file query.cif (mmCIF, C-alpha atoms and all ligand atoms)
data_run
loop_
_atom_site.group_PDB
_atom_site.id
_atom_site.type_symbol
_atom_site.label_atom_id
_atom_site.label_comp_id
_atom_site.auth_asym_id
_atom_site.auth_seq_id
_atom_site.Cartn_x
_atom_site.Cartn_y
_atom_site.Cartn_z
ATOM 1 C CA MET A 464 17.579 80.939 84.517
ATOM 2 C CA ASN A 465 15.916 77.581 83.993
ATOM 3 C CA THR A 466 12.127 77.747 83.578
ATOM 4 C CA ARG A 467 11.807 74.113 84.754
ATOM 5 C CA THR A 468 11.689 74.509 88.443
ATOM 6 C CA ASP A 469 11.764 72.966 91.933
ATOM 7 C CA ALA A 470 8.121 72.550 93.087
ATOM 8 C CA ALA A 471 8.997 73.451 96.705
ATOM 9 C CA HIS A 472 10.538 76.816 95.754
ATOM 10 C CA PRO A 473 8.848 78.006 92.588
ATOM 11 C CA PRO A 474 10.091 81.257 91.064
ATOM 12 C CA THR A 475 7.629 84.075 90.390
ATOM 13 C CA ALA A 476 6.666 85.683 87.083
ATOM 14 C CA LEU A 477 4.730 88.958 87.070
ATOM 15 C CA ILE A 478 2.813 89.594 83.850
ATOM 16 C CA THR A 479 0.841 92.722 82.971
ATOM 17 C CA GLY A 480 -1.993 92.565 80.465
ATOM 18 C CA ALA A 481 -2.675 89.037 81.713
ATOM 19 C CA SER A 482 -6.446 89.382 81.242
ATOM 20 C CA SER A 483 -6.264 88.777 77.490
ATOM 21 C CA GLY A 484 -4.295 87.644 74.455
ATOM 22 C CA ILE A 485 -0.526 87.353 74.758
ATOM 23 C CA GLY A 486 -0.441 88.072 78.506
ATOM 24 C CA ALA A 487 -2.989 85.350 79.298
ATOM 25 C CA ALA A 488 -1.050 82.886 77.123
ATOM 26 C CA LEU A 489 2.260 83.800 78.802
ATOM 27 C CA ALA A 490 0.637 83.228 82.200
ATOM 28 C CA GLN A 491 -0.539 79.748 81.201
ATOM 29 C CA ALA A 492 2.866 78.878 79.754
ATOM 30 C CA TYR A 493 4.563 79.824 83.057
ATOM 31 C CA ALA A 494 1.850 77.954 85.005
ATOM 32 C CA VAL A 495 2.645 74.784 83.069
ATOM 33 C CA GLN A 496 6.289 75.197 84.146
ATOM 34 C CA GLY A 497 5.174 75.376 87.809
ATOM 35 C CA TRP A 498 5.885 79.088 88.414
ATOM 36 C CA ARG A 499 4.048 81.306 90.902
ATOM 37 C CA LEU A 500 2.230 84.077 89.102
ATOM 38 C CA VAL A 501 1.290 87.699 89.623
ATOM 39 C CA LEU A 502 -1.307 88.751 87.058
ATOM 40 C CA VAL A 503 -2.084 92.405 86.342
ATOM 41 C CA GLY A 504 -4.827 94.017 84.227
ATOM 42 C CA ARG A 505 -7.797 96.345 84.601
ATOM 43 C CA ARG A 506 -10.618 93.773 84.292
ATOM 44 C CA ALA A 507 -10.842 91.703 87.475
ATOM 45 C CA ASP A 508 -13.253 89.173 85.960
ATOM 46 C CA ALA A 509 -11.013 88.492 82.962
ATOM 47 C CA LEU A 510 -7.945 88.221 85.235
ATOM 48 C CA GLY A 511 -9.895 85.689 87.299
ATOM 49 C CA ALA A 512 -10.581 83.654 84.160
ATOM 50 C CA THR A 513 -6.845 83.616 83.325
ATOM 51 C CA ALA A 514 -6.059 82.560 86.909
ATOM 52 C CA LYS A 515 -8.548 79.698 86.652
ATOM 53 C CA ALA A 516 -7.012 78.502 83.383
ATOM 54 C CA CYS A 517 -3.541 78.707 84.984
ATOM 55 C CA ALA A 518 -4.680 76.691 88.012
ATOM 56 C CA GLN A 519 -6.115 74.046 85.688
ATOM 57 C CA ALA A 520 -2.827 73.989 83.785
ATOM 58 C CA GLN A 521 -1.176 73.205 87.160
ATOM 59 C CA GLY A 522 -3.669 70.392 87.759
ATOM 60 C CA LEU A 523 -5.607 72.326 90.454
ATOM 61 C CA GLN A 524 -9.395 72.674 90.663
ATOM 62 C CA THR A 525 -9.330 76.090 92.349
ATOM 63 C CA VAL A 526 -7.026 79.106 92.340
ATOM 64 C CA ASP A 527 -4.533 78.976 95.229
ATOM 65 C CA PRO A 528 -3.847 82.596 96.311
ATOM 66 C CA MET A 529 -0.385 81.519 97.499
ATOM 67 C CA ARG A 530 0.444 80.527 93.910
ATOM 68 C CA ILE A 531 -1.504 83.061 91.858
ATOM 69 C CA ARG A 532 -1.921 86.653 92.962
ATOM 70 C CA LEU A 533 -4.201 89.034 91.079
ATOM 71 C CA ILE A 534 -3.673 92.795 90.877
ATOM 72 C CA PRO A 535 -6.635 94.413 89.109
ATOM 73 C CA LEU A 536 -5.295 97.895 88.345
ATOM 74 C CA ASP A 537 -5.043 100.553 85.648
ATOM 75 C CA LEU A 538 -1.283 100.860 85.043
ATOM 76 C CA LEU A 539 -1.743 104.491 84.040
ATOM 77 C CA GLN A 540 -2.184 105.029 87.816
ATOM 78 C CA THR A 541 1.560 104.875 88.346
ATOM 79 C CA GLU A 542 1.549 105.798 92.060
ATOM 80 C CA ALA A 543 -1.027 103.098 92.836
ATOM 81 C CA TRP A 544 1.121 100.644 90.881
ATOM 82 C CA ARG A 545 4.238 101.544 92.846
ATOM 83 C CA GLU A 546 2.336 100.843 96.081
ATOM 84 C CA GLN A 547 1.058 97.504 94.802
ATOM 85 C CA ALA A 548 4.514 96.491 93.593
ATOM 86 C CA GLY A 549 6.041 97.423 96.976
ATOM 87 C CA ALA A 550 3.415 95.352 98.817
ATOM 88 C CA LEU A 551 4.145 92.414 96.512
ATOM 89 C CA VAL A 552 7.893 92.553 97.161
ATOM 90 C CA GLN A 553 7.192 92.664 100.929
ATOM 91 C CA ALA A 554 4.864 89.667 100.775
ATOM 92 C CA TRP A 555 6.416 87.426 98.120
ATOM 93 C CA GLY A 556 9.865 88.900 97.511
ATOM 94 C CA CYS A 557 10.971 90.356 94.197
ATOM 95 C CA PRO A 558 9.778 88.283 91.185
ATOM 96 C CA GLN A 559 12.407 86.535 89.051
ATOM 97 C CA VAL A 560 10.711 87.681 85.829
ATOM 98 C CA VAL A 561 8.649 90.853 85.267
ATOM 99 C CA ILE A 562 6.927 91.225 81.901
ATOM 100 C CA ALA A 563 5.574 94.631 80.850
ATOM 101 C CA ASN A 564 3.143 93.316 78.266
ATOM 102 C CA ALA A 565 0.002 95.474 78.687
ATOM 103 C CA GLY A 566 -0.691 97.695 75.710
ATOM 104 C CA ILE A 567 -3.296 99.192 73.420
ATOM 105 C CA SER A 568 -3.433 99.827 69.687
ATOM 106 C CA HIS A 569 -5.527 102.429 67.866
ATOM 107 C CA GLY A 570 -5.041 104.078 64.506
ATOM 108 C CA VAL A 571 -4.861 107.874 64.543
ATOM 109 C CA ASP A 572 -5.544 110.545 61.938
ATOM 110 C CA LEU A 573 -3.063 113.295 62.776
ATOM 111 C CA ALA A 574 -5.209 115.862 60.928
ATOM 112 C CA ARG A 575 -7.984 115.436 63.541
ATOM 113 C CA ALA A 576 -7.567 117.356 66.781
ATOM 114 C CA GLU A 577 -9.507 114.736 68.770
ATOM 115 C CA ASP A 578 -6.984 112.031 67.833
ATOM 116 C CA LEU A 579 -4.215 113.779 69.763
ATOM 117 C CA ALA A 580 -5.877 112.580 72.978
ATOM 118 C CA VAL A 581 -5.832 109.035 71.583
ATOM 119 C CA ALA A 582 -2.163 109.434 70.640
ATOM 120 C CA ARG A 583 -1.387 110.469 74.223
ATOM 121 C CA GLU A 584 -3.332 107.504 75.618
ATOM 122 C CA VAL A 585 -1.422 105.094 73.347
ATOM 123 C CA MET A 586 1.927 106.633 74.272
ATOM 124 C CA ASP A 587 1.147 106.651 78.002
ATOM 125 C CA SER A 588 -0.094 103.045 77.930
ATOM 126 C CA ASN A 589 2.611 101.495 75.752
ATOM 127 C CA TRP A 590 5.643 103.508 76.824
ATOM 128 C CA LEU A 591 5.232 105.281 80.157
ATOM 129 C CA ALA A 592 3.139 102.569 81.841
ATOM 130 C CA ALA A 593 5.545 99.888 80.591
ATOM 131 C CA LEU A 594 8.517 101.704 82.129
ATOM 132 C CA ALA A 595 6.518 102.338 85.314
ATOM 133 C CA THR A 596 5.759 98.601 85.440
ATOM 134 C CA LEU A 597 9.448 97.656 85.516
ATOM 135 C CA ALA A 598 10.720 100.524 87.690
ATOM 136 C CA PRO A 599 9.882 99.178 91.202
ATOM 137 C CA PHE A 600 11.828 95.964 90.529
ATOM 138 C CA ILE A 601 15.087 97.415 89.236
ATOM 139 C CA THR A 602 16.639 98.171 92.624
ATOM 140 C CA PRO A 603 15.595 94.869 94.320
ATOM 141 C CA MET A 604 16.810 92.835 91.325
ATOM 142 C CA ARG A 605 20.101 94.727 91.234
ATOM 143 C CA ALA A 606 20.566 94.171 94.981
ATOM 144 C CA ARG A 607 19.856 90.451 94.551
ATOM 145 C CA GLY A 608 22.156 90.261 91.525
ATOM 146 C CA ASN A 609 19.664 88.535 89.223
ATOM 147 C CA GLY A 610 16.270 88.791 87.554
ATOM 148 C CA THR A 611 14.801 89.441 84.125
ATOM 149 C CA LEU A 612 12.923 92.554 83.046
ATOM 150 C CA VAL A 613 10.929 92.067 79.849
ATOM 151 C CA GLY A 614 9.167 94.565 77.608
ATOM 152 C CA VAL A 615 6.749 93.552 74.852
ATOM 153 C CA ALA A 616 7.381 95.929 71.953
ATOM 154 C CA SER A 617 6.355 95.323 68.306
ATOM 155 C CA VAL A 618 7.692 94.976 64.779
ATOM 156 C CA ALA A 619 5.573 98.118 64.243
ATOM 157 C CA GLY A 620 8.214 99.989 66.255
ATOM 158 C CA VAL A 621 10.758 99.618 63.445
ATOM 159 C CA ARG A 622 9.253 102.147 60.976
ATOM 160 C CA GLY A 623 6.315 104.553 60.821
ATOM 161 C CA LEU A 624 3.254 102.830 59.347
ATOM 162 C CA PRO A 625 0.527 104.991 57.769
ATOM 163 C CA GLY A 626 -2.427 105.627 60.101
ATOM 164 C CA HIS A 627 -0.495 104.113 63.009
ATOM 165 C CA ALA A 628 1.689 107.038 64.087
ATOM 166 C CA ALA A 629 0.956 106.779 67.804
ATOM 167 C CA TYR A 630 1.411 103.022 68.124
ATOM 168 C CA CYS A 631 4.605 102.918 66.022
ATOM 169 C CA ALA A 632 6.079 105.831 67.987
ATOM 170 C CA SER A 633 5.128 104.251 71.330
ATOM 171 C CA LYS A 634 6.783 100.953 70.446
ATOM 172 C CA ALA A 635 9.883 102.643 68.984
ATOM 173 C CA ALA A 636 10.161 104.619 72.228
ATOM 174 C CA LEU A 637 9.821 101.428 74.251
ATOM 175 C CA ILE A 638 12.492 99.625 72.210
ATOM 176 C CA HIS A 639 14.938 102.481 72.790
ATOM 177 C CA ALA A 640 14.101 102.820 76.496
ATOM 178 C CA LEU A 641 14.622 99.087 77.038
ATOM 179 C CA GLU A 642 17.937 99.324 75.241
ATOM 180 C CA SER A 643 19.004 102.135 77.564
ATOM 181 C CA LEU A 644 18.002 100.033 80.568
ATOM 182 C CA ARG A 645 19.818 96.973 79.211
ATOM 183 C CA VAL A 646 23.055 98.901 78.899
ATOM 184 C CA GLU A 647 22.580 100.510 82.320
ATOM 185 C CA LEU A 648 22.154 97.084 83.938
ATOM 186 C CA ARG A 649 25.014 95.412 82.115
ATOM 187 C CA ASP A 650 27.163 93.417 84.576
ATOM 188 C CA SER A 651 24.521 93.741 87.320
ATOM 189 C CA GLY A 652 23.204 90.217 86.789
ATOM 190 C CA VAL A 653 19.817 91.643 85.750
ATOM 191 C CA ARG A 654 18.807 90.922 82.173
ATOM 192 C CA VAL A 655 16.603 93.119 80.016
ATOM 193 C CA VAL A 656 14.742 91.338 77.228
ATOM 194 C CA THR A 657 12.848 93.052 74.424
ATOM 195 C CA ILE A 658 10.227 90.840 72.792
ATOM 196 C CA SER A 659 9.051 92.135 69.444
ATOM 197 C CA PRO A 660 5.938 90.275 68.236
ATOM 198 C CA GLY A 661 4.929 90.112 64.607
ATOM 199 C CA TYR A 662 1.221 89.293 64.284
ATOM 200 C CA VAL A 663 -0.586 87.340 67.002
ATOM 201 C CA ALA A 664 -4.305 86.475 66.887
ATOM 202 C CA THR A 665 -5.686 88.440 69.856
ATOM 203 C CA PRO A 666 -8.448 91.044 70.375
ATOM 204 C CA LEU A 667 -5.818 93.710 69.565
ATOM 205 C CA THR A 668 -5.456 92.502 65.967
ATOM 206 C CA ALA A 669 -9.034 91.251 65.458
ATOM 207 C CA ASP A 670 -10.112 94.372 63.543
ATOM 208 C CA ASN A 671 -7.003 94.689 61.360
ATOM 209 C CA PRO A 672 -8.243 95.204 57.783
ATOM 210 C CA PHE A 673 -4.943 94.096 56.191
ATOM 211 C CA PRO A 674 -3.187 90.754 55.683
ATOM 212 C CA MET A 675 -1.191 89.536 58.689
ATOM 213 C CA PRO A 676 1.674 87.348 57.452
ATOM 214 C CA PHE A 677 3.029 84.608 59.743
ATOM 215 C CA LEU A 678 0.096 85.108 62.162
ATOM 216 C CA LEU A 679 0.637 83.082 65.358
ATOM 217 C CA GLN A 680 -1.867 81.814 67.911
ATOM 218 C CA PRO A 681 -1.149 83.216 71.411
ATOM 219 C CA ASP A 682 -0.090 79.880 72.932
ATOM 220 C CA ALA A 683 2.442 79.233 70.144
ATOM 221 C CA PHE A 684 3.747 82.778 70.574
ATOM 222 C CA ALA A 685 4.017 82.348 74.359
ATOM 223 C CA ARG A 686 6.096 79.163 74.101
ATOM 224 C CA ARG A 687 8.613 80.941 71.859
ATOM 225 C CA ALA A 688 8.632 84.028 74.097
ATOM 226 C CA LEU A 689 9.373 81.909 77.185
ATOM 227 C CA ARG A 690 12.374 80.369 75.443
ATOM 228 C CA ALA A 691 13.709 83.828 74.538
ATOM 229 C CA ILE A 692 13.170 85.117 78.103
ATOM 230 C CA ASP A 693 14.751 82.008 79.610
ATOM 231 C CA ALA A 694 17.784 82.460 77.358
ATOM 232 C CA GLY A 695 18.009 86.136 78.365
ATOM 233 C CA ARG A 696 18.053 87.275 74.743
ATOM 234 C CA ALA A 697 18.525 91.010 74.414
ATOM 235 C CA TYR A 698 16.048 91.280 71.536
ATOM 236 C CA ALA A 699 13.787 88.604 70.051
ATOM 237 C CA THR A 700 11.409 89.030 67.130
ATOM 238 C CA ILE A 701 8.704 86.339 67.157
ATOM 239 C CA PRO A 702 8.105 84.558 64.837
ATOM 240 C CA TRP A 703 11.576 84.608 63.275
ATOM 241 C CA PRO A 704 10.390 85.264 59.656
ATOM 242 C CA MET A 705 9.121 88.611 60.929
ATOM 243 C CA ALA A 706 12.687 89.373 62.029
ATOM 244 C CA VAL A 707 13.649 89.157 58.369
ATOM 245 C CA VAL A 708 10.730 91.409 57.395
ATOM 246 C CA SER A 709 11.673 93.770 60.188
ATOM 247 C CA LYS A 710 15.333 93.983 59.104
ATOM 248 C CA LEU A 711 14.312 94.568 55.481
ATOM 249 C CA LEU A 712 11.910 97.315 56.510
ATOM 250 C CA HIS A 713 14.627 98.882 58.624
ATOM 251 C CA VAL A 714 17.116 99.182 55.767
ATOM 252 C CA LEU A 715 14.658 99.953 52.951
ATOM 253 C CA PRO A 716 15.487 103.383 51.488
ATOM 254 C CA ARG A 717 12.774 106.015 51.945
ATOM 255 C CA ALA A 718 12.474 106.322 48.169
ATOM 256 C CA TRP A 719 11.208 102.703 48.110
ATOM 257 C CA TYR A 720 9.489 102.603 51.498
ATOM 258 C CA ASP A 721 7.166 105.572 50.916
ATOM 259 C CA PRO A 722 5.415 104.388 47.714
ATOM 260 C CA LEU A 723 5.250 100.829 49.079
ATOM 261 C CA MET A 724 3.469 101.925 52.261
ATOM 262 C CA ALA A 725 1.342 104.768 50.908
ATOM 263 C CA GLY A 726 -1.340 102.459 49.505
ATOM 264 C CA GLN A 727 -1.567 100.112 52.525
ATOM 265 C CA ARG A 728 -4.851 99.759 54.430
ATOM 266 C CA ARG A 729 -4.797 101.437 57.835
ATOM 267 C CA LYS A 730 -5.430 100.442 61.429
ATOM 268 C CA PRO A 731 -8.951 101.617 62.370
ATOM 269 C CA ARG A 732 -9.225 104.734 64.567
ATOM 270 C CA LYS A 733 -10.493 104.311 68.129
ATOM 271 C CA PRO A 734 -14.278 103.895 68.149
ATOM 272 C CA LYS A 735 -16.166 106.721 69.915
ATOM 273 C CA SER A 736 -17.198 105.511 73.390
HETATM 274 N N1 LIG A 801 -1.321 90.872 68.941
HETATM 275 C C1 LIG A 801 -0.308 91.272 68.175
HETATM 276 O O1 LIG A 801 -0.223 90.931 66.975
HETATM 277 C C2 LIG A 801 0.773 92.145 68.741
HETATM 278 C C3 LIG A 801 1.821 92.512 67.892
HETATM 279 C C4 LIG A 801 2.841 93.295 68.385
HETATM 280 C C5 LIG A 801 2.827 93.702 69.710
HETATM 281 N N2 LIG A 801 1.793 93.338 70.515
HETATM 282 C C6 LIG A 801 1.828 93.814 71.902
HETATM 283 O O2 LIG A 801 1.570 92.735 72.783
HETATM 284 C C7 LIG A 801 0.980 93.235 73.980
HETATM 285 C C8 LIG A 801 -0.262 92.404 74.307
HETATM 286 O O3 LIG A 801 -1.191 92.606 73.256
HETATM 287 P P1 LIG A 801 -2.359 91.574 72.897
HETATM 288 O O4 LIG A 801 -2.285 91.359 71.446
HETATM 289 O O5 LIG A 801 -2.339 90.437 73.828
HETATM 290 O O6 LIG A 801 -3.617 92.518 73.157
HETATM 291 P P2 LIG A 801 -4.937 92.346 74.042
HETATM 292 O O7 LIG A 801 -5.476 90.965 73.899
HETATM 293 O O8 LIG A 801 -5.811 93.497 73.696
HETATM 294 O O9 LIG A 801 -4.381 92.508 75.526
HETATM 295 C C9 LIG A 801 -3.929 93.729 76.012
HETATM 296 C C10 LIG A 801 -3.790 93.609 77.516
HETATM 297 O O10 LIG A 801 -3.283 94.841 78.044
HETATM 298 C C11 LIG A 801 -4.045 95.195 79.187
HETATM 299 N N3 LIG A 801 -4.024 96.638 79.385
HETATM 300 C C12 LIG A 801 -4.149 97.600 78.432
HETATM 301 N N4 LIG A 801 -4.096 98.810 78.997
HETATM 302 C C13 LIG A 801 -3.916 98.623 80.340
HETATM 303 C C14 LIG A 801 -3.788 99.486 81.452
HETATM 304 N N5 LIG A 801 -3.837 100.821 81.327
HETATM 305 N N6 LIG A 801 -3.628 98.945 82.677
HETATM 306 C C15 LIG A 801 -3.594 97.593 82.837
HETATM 307 N N7 LIG A 801 -3.700 96.725 81.817
HETATM 308 C C16 LIG A 801 -3.873 97.236 80.582
HETATM 309 C C17 LIG A 801 -5.441 94.635 78.885
HETATM 310 O O11 LIG A 801 -6.124 94.349 80.072
HETATM 311 P P3 LIG A 801 -7.447 95.090 80.576
HETATM 312 O O12 LIG A 801 -8.261 95.458 79.395
HETATM 313 O O13 LIG A 801 -8.078 94.087 81.498
HETATM 314 O O14 LIG A 801 -6.894 96.232 81.306
HETATM 315 C C18 LIG A 801 -5.113 93.328 78.199
HETATM 316 O O15 LIG A 801 -4.902 92.314 79.161
HETATM 317 C C19 LIG A 801 0.702 94.712 73.734
HETATM 318 O O16 LIG A 801 1.724 95.496 74.301
HETATM 319 C C20 LIG A 801 0.740 94.822 72.220
HETATM 320 O O17 LIG A 801 1.073 96.116 71.779
HETATM 321 C C21 LIG A 801 0.768 92.572 70.057
#

call {"tool": "encode", "arguments": {"input": "query.cif", "output": "structure tokens", "more": "lines below"}}
Ligand SMILES: NC(=O)c1ccc[n+]([C@@H]2O[C@H](COP(=O)([O-])OP(=O)(O)OC[C@H]3O[C@@H](n4cnc5c(N)ncnc54)[C@H](OP(=O)(O)O)[C@@H]3O)[C@@H](O)[C@H]2O)c1
result
Amino acid sequence: MNTRTDAAHPPTALITGASSGIGAALAQAYAVQGWRLVLVGRRADALGATAKACAQAQGLQTVDPMRIRLIPLDLLQTEAWREQAGALVQAWGCPQVVIANAGISHGVDLARAEDLAVAREVMDSNWLAALATLAPFITPMRARGNGTLVGVASVAGVRGLPGHAAYCASKAALIHALESLRVELRDSGVRVVTISPGYVATPLTADNPFPMPFLLQPDAFARRALRAIDAGRAYATIPWPMAVVSKLLHVLPRAWYDPLMAGQRRKPRKPKS
């Protein structure tokens, strides 16, 4: 699918987690290419700010609701999401690209009973809600014979990092689920793309107390992600040097991995609200 498009019949990209960070940058990158957008997140005001930036990127002073549709929603409410997705397909047709990008990241201490609730929240947000995001579009895309379903995973899904059990497990689960879906949809015309970011400078990484090699700004990340989605790549680690890190981590024997990781600084636990 070519991301450079006919202005009279623009394709549609649906992006979750569009109120911040990577999702907001992806939205602007698609806006620059002239796509119609569906932006999803919990915070309506922040979604509105992304929509405004997208409109400006398209050379418009105000947000045109026929070009940018906002769905302020908590994706953990999976029934409400299914209804919203159905209404969207009725009104605008099935999007060409759907990106399950929304996610959260908190460290957990598995010795603390209260962190099990945080682990569940991370798993539900990063795995179940991501699959629920894509689900309503599988049948319409298959019937149409084209479309791209995208999941934003993480290099952290490759191995278990200390203090990050829930996040690593959620992203590993997502990587495997997307692989299952990719194989299921083989020969259907529908592509399934797993994007695995390294480090990107967003609110999600702002409190990381450890070095973040090859850190990318969100707009630079988004441009690379769009190329990978456009090419229909099965799995893309961005930036590419993190693919090397990721492969090395994957094959490192446990006898080397464990002492290397044991001393690393940990992702902070979720602050008490
Ligand atoms: N930044 C990195 O270095 C990095 C690395 C690897 C993977 N990732 C992944 O990239 C994705 C985007 O992360 P980011 O860095 O851009 O983080 P971010 O700036 O914190 O953005 C996260 C987005 O997810 C949305 N979200 C979270 N829970 C939601 C829910 N239940 N319902 C609806 N929306 C929800 C948030 O919107 P609201 O708060 O408005 O709901 C926000 O727009 C995540 O899946 C993350 O795991 C990021």

call {"tool": "closest_atom_pairs", "arguments": {"input": "query.cif", "of": "region 494-594 of chain A", "to": "region 646-662 of chain A", "cutoff": "10 Å", "atoms": "all atoms listed in the file", "output": "Markdown table"}}
result
| residue | atom | partner | partner_atom | distance |
| --- | --- | --- | --- | --- |
| A:Gln559 | CA | A:Val653 | CA | 9.6 |
| A:Val560 | CA | A:Arg654 | CA | 9.5 |
| A:Val561 | CA | A:Val655 | CA | 9.8 |
| A:Ile562 | CA | A:Val656 | CA | 9.1 |
| A:Ala563 | CA | A:Thr657 | CA | 9.8 |
| A:Asn564 | CA | A:Ile658 | CA | 9.3 |

call {"tool": "residues_near_ligand", "arguments": {"input": "query.cif", "ligand": "ligand LIG 801 (chain A)", "cutoff": "8 Å", "atoms": "all atoms listed in the file", "output": "JSON, numbers by chain"}}
result
{"A": [479, 480, 481, 482, 483, 484, 485, 486, 487, 503, 504, 505, 506, 507, 509, 510, 535, 536, 537, 538, 539, 540, 563, 564, 565, 566, 567, 568, 588, 589, 592, 615, 616, 617, 618, 619, 630, 634, 659, 660, 661, 662, 663, 664, 665, 666, 667, 668, 678, 681]}

call {"tool": "residues_around", "arguments": {"input": "query.cif", "residues": "Asp527 (chain A)", "least_positions_apart": "3", "cutoff": "12 Å", "atoms": "only C-alpha atoms", "output": "PyMOL selection string"}}
result
chain A and resi 499-501+511+514-515+517-519+521-524+530-533

call {"tool": "closest_residue", "arguments": {"input": "query.cif", "among": "A:Leu573, A:Val714, A:Ser709, A:Pro672", "to": "Arg728 (chain A)", "atoms": "all atoms listed in the file"}}
result
A:Pro672

call {"tool": "closest_residue", "arguments": {"input": "query.cif", "among": "A:Tyr493, A:Gly726, A:Leu644, A:Val526", "to": "Asp693 (chain A)", "atoms": "all atoms listed in the file"}}
result
A:Tyr493

call {"tool": "closest_residue", "arguments": {"input": "query.cif", "among": "A:His472, A:Pro676, A:Gly620, A:Met604", "to": "Pro704 (chain A)", "atoms": "only C-alpha atoms"}}
result
A:Pro676

call {"tool": "atom_distance", "arguments": {"input": "query.cif", "atom1": "CA of Gly626 (chain A)", "atom2": "CA of Arg732 (chain A)"}}
result
8.2 Å

call {"tool": "closest_residue", "arguments": {"input": "query.cif", "among": "A:Ala629, A:Ala725, A:Ala718, A:Val613", "to": "Arg696 (chain A)", "atoms": "all atoms listed in the file"}}
result
A:Val613

call {"tool": "closest_residue", "arguments": {"input": "query.cif", "among": "A:Ala494, A:Met586, A:Cys557, A:Leu612", "to": "Gly695 (chain A)", "atoms": "only C-alpha atoms"}}
result
A:Leu612

call {"tool": "atom_distance", "arguments": {"input": "query.cif", "atom1": "CA of Gln496 (chain A)", "atom2": "CA of Ala697 (chain A)"}}
result
22.2 Å
